[in-house]
Amino acid sequence: MTGIRDHAGALAEALAAAYPDAACELDFRSPYELLAATILSAQCTDARVNQVTPALFARFPDAAALAAADPAELEEIVRSTGFFRSKARSLLGMARAVVERHGGEIPARMDDLTALPGVGRKTANVVLGTAFGLATGVVVDTHVARLSGRLGLSRHADPERIERDLMALFPAESWVAVGHRLILHGRRVCAARAPACGSCSLESICPKVGVGKKRAPGPAARGPKASRNKRKAKA
Ligand code: SF4
């Protein structure tokens, strides 16, 4: 464990040097706004969410106002973030539960947050770490999951198991910053399809697990028999 802890420490230092001011890129002024913006950020860029939230928060400034929203109007406001029907449903469900269970205030506890409709552990960690300043875990989004594997920090694919590995490797006071920095590095350098290893500041200490491996060929590329078998399996 000492070896991997030293490795994690070296990565944390290099990430801190590369992204000293890394922070959440969603615009917000309150825990309510960050929670709503994070729900909208699923499968969507933060820049797009930031274009939509000013109108959303002007119309629905708090959880009580959002809880009383007309679903069709809400869908229209969030439409450009994609999956707008399901996101509008999550926003409404979240707001109603916040009003009913917490008097309209966003709770600052992991269990209370993850009990809200549309709120998983990743979203709860974003809100707790960034809006409340509480280090309850590490945000594991698609970038953090990918980088955790490539950097040799976790062998798991499941976000909760990755998070447990990261929490064991980094001190609690760095969990929030490490999450922000890994997300930025994934966005800017270590992209899913084409990681820019040649210009990466972590290159000398990154084991590049899985990088450059070719994906297994599909059935057509493996020959007609494989294709036939696939068709049979689907029937
Ligand atoms: S060296 Fe390559 S794989 Fe490793 S973090 Fe940098 S870009 Fe990603």
# chains A, B, ... in the order shown; residues from 1 in each chain; ligands from 1

call {"tool": "select_by_dssp", "arguments": {"residues": "segment 15-174 of chain A", "states": "alpha helix (DSSP H)", "output": "ChimeraX atom specification"}}
result
/A:15-18,31-40,46-59,63-67,71-78,84-102,110-114,121-126,142-150,159-169

call {"tool": "write_last_selection", "arguments": {"atoms": "C-alpha atoms", "output": "short mmCIF file (atom, residue, chain, number, x, y, z; two decimals), in the first residue's frame"}}
result
data_model
loop_
_atom_site.label_atom_id
_atom_site.label_comp_id
_atom_site.auth_asym_id
_atom_site.auth_seq_id
_atom_site.Cartn_x
_atom_site.Cartn_y
_atom_site.Cartn_z
CA LEU A 15 -2.17 17.88 -10.26
CA ALA A 16 -2.01 20.69 -7.69
CA ALA A 17 0.88 22.28 -9.60
CA ALA A 18 -0.97 21.97 -12.92
CA PRO A 31 -26.66 25.00 -2.44
CA TYR A 32 -30.09 24.96 -4.15
CA GLU A 33 -28.63 26.41 -7.35
CA LEU A 34 -25.66 24.05 -7.36
CA LEU A 35 -27.88 21.03 -6.78
CA ALA A 36 -30.21 22.00 -9.64
CA ALA A 37 -27.26 22.82 -11.96
CA THR A 38 -25.57 19.49 -11.16
CA ILE A 39 -28.77 17.58 -11.97
CA LEU A 40 -28.86 19.41 -15.33
CA ASP A 46 -21.12 22.84 -17.82
CA ALA A 47 -21.02 25.71 -20.34
CA ARG A 48 -24.43 24.74 -21.72
CA VAL A 49 -25.87 24.38 -18.19
CA ASN A 50 -24.52 27.86 -17.33
CA GLN A 51 -26.42 29.28 -20.31
CA VAL A 52 -29.68 27.77 -19.06
CA THR A 53 -29.55 28.33 -15.29
CA PRO A 54 -29.87 32.17 -15.20
CA ALA A 55 -33.40 31.92 -16.67
CA LEU A 56 -34.20 28.88 -14.51
CA PHE A 57 -33.17 30.60 -11.27
CA ALA A 58 -34.82 33.90 -12.22
CA ARG A 59 -38.12 32.04 -12.68
CA ALA A 63 -36.82 25.00 -3.90
CA ALA A 64 -40.32 26.15 -2.90
CA ALA A 65 -40.78 28.01 -6.20
CA LEU A 66 -39.41 25.07 -8.19
CA ALA A 67 -41.68 22.62 -6.34
CA PRO A 71 -43.82 20.69 -15.65
CA ALA A 72 -44.29 21.81 -19.28
CA GLU A 73 -42.77 25.24 -18.57
CA LEU A 74 -39.86 23.65 -16.71
CA GLU A 75 -39.21 21.23 -19.59
CA GLU A 76 -39.09 24.15 -22.01
CA ILE A 77 -36.55 26.05 -19.89
CA VAL A 78 -34.17 23.07 -19.54
CA PHE A 84 -35.11 17.44 -20.65
CA ARG A 85 -38.20 15.46 -19.64
CA SER A 86 -36.33 13.29 -17.21
CA LYS A 87 -34.28 16.24 -15.91
CA ALA A 88 -37.44 18.31 -15.37
CA ARG A 89 -38.95 15.35 -13.49
CA SER A 90 -35.83 15.05 -11.31
CA LEU A 91 -35.79 18.80 -10.58
CA LEU A 92 -39.48 18.80 -9.60
CA GLY A 93 -39.14 15.64 -7.49
CA MET A 94 -36.03 17.00 -5.78
CA ALA A 95 -37.67 20.37 -5.02
CA ARG A 96 -40.88 18.82 -3.67
CA ALA A 97 -38.92 16.44 -1.42
CA VAL A 98 -36.72 19.32 -0.17
CA VAL A 99 -39.85 21.31 0.73
CA GLU A 100 -41.65 18.36 2.34
CA ARG A 101 -38.71 16.85 4.24
CA HIS A 102 -36.36 19.77 4.86
CA MET A 110 -25.05 12.61 2.38
CA ASP A 111 -27.95 10.32 3.42
CA ASP A 112 -30.52 13.11 3.13
CA LEU A 113 -29.20 14.22 -0.26
CA THR A 114 -29.05 10.76 -1.82
CA ARG A 121 -23.68 9.97 -4.59
CA LYS A 122 -21.76 11.89 -7.27
CA THR A 123 -24.23 14.81 -7.24
CA ALA A 124 -24.35 14.76 -3.42
CA ASN A 125 -20.54 14.92 -3.26
CA VAL A 126 -20.52 17.91 -5.62
CA THR A 142 -16.85 9.83 -16.18
CA HIS A 143 -13.50 11.72 -16.23
CA VAL A 144 -12.49 10.71 -12.71
CA ALA A 145 -13.47 7.09 -13.40
CA ARG A 146 -11.37 6.98 -16.59
CA LEU A 147 -8.35 8.70 -15.06
CA SER A 148 -8.44 6.56 -11.92
CA GLY A 149 -7.88 3.53 -14.13
CA ARG A 150 -5.23 5.07 -16.38
CA PRO A 159 -18.03 4.54 -9.36
CA GLU A 160 -18.64 3.73 -5.69
CA ARG A 161 -15.74 1.28 -5.57
CA ILE A 162 -13.50 3.77 -7.40
CA GLU A 163 -14.50 6.40 -4.85
CA ARG A 164 -13.62 4.07 -1.97
CA ASP A 165 -10.18 3.48 -3.52
CA LEU A 166 -9.57 7.22 -3.95
CA MET A 167 -10.72 7.96 -0.40
CA ALA A 168 -8.24 5.41 0.90
CA LEU A 169 -5.38 6.88 -1.14
#

call {"tool": "residues_near_ligand", "arguments": {"ligand": "ligand 1", "cutoff": "12 Å", "atoms": "only C-alpha atoms and all ligand atoms", "output": "number ranges by chain"}}
result
A: 11-12, 14-15, 18, 143-153, 181-213

call {"tool": "atom_distance", "arguments": {"atom1": "atom CA of Ala135 of chain A", "atom2": "atom CA of Ser174 of chain A"}}
result
8.1 Å

call {"tool": "closest_residue", "arguments": {"among": "A:Gly3, A:Pro61, A:Gly9, A:Pro117", "to": "Arg29 of chain A", "atoms": "only C-alpha atoms"}}
result
A:Pro61

call {"tool": "atom_distance", "arguments": {"atom1": "atom CA of His180 of chain A", "atom2": "atom CA of Cys24 of chain A"}}
result
6.4 Å

call {"tool": "atom_distance", "arguments": {"atom1": "atom CA of Glu173 of chain A", "atom2": "atom CA of Val138 of chain A"}}
result
10.6 Å

call {"tool": "closest_residue", "arguments": {"among": "A:Ile106, A:Asp141, A:Asp158, A:Thr136", "to": "Ala172 of chain A", "atoms": "only C-alpha atoms"}}
result
A:Thr136

call {"tool": "closest_residue", "arguments": {"among": "A:Arg79, A:His156, A:Trp175, A:Pro20", "to": "Gly129 of chain A", "atoms": "only C-alpha atoms"}}
result
A:Trp175

call {"tool": "closest_residue", "arguments": {"among": "A:Leu116, A:Asp6, A:Ser30, A:Ser80", "to": "Cys44 of chain A", "atoms": "only C-alpha atoms"}}
result
A:Ser80
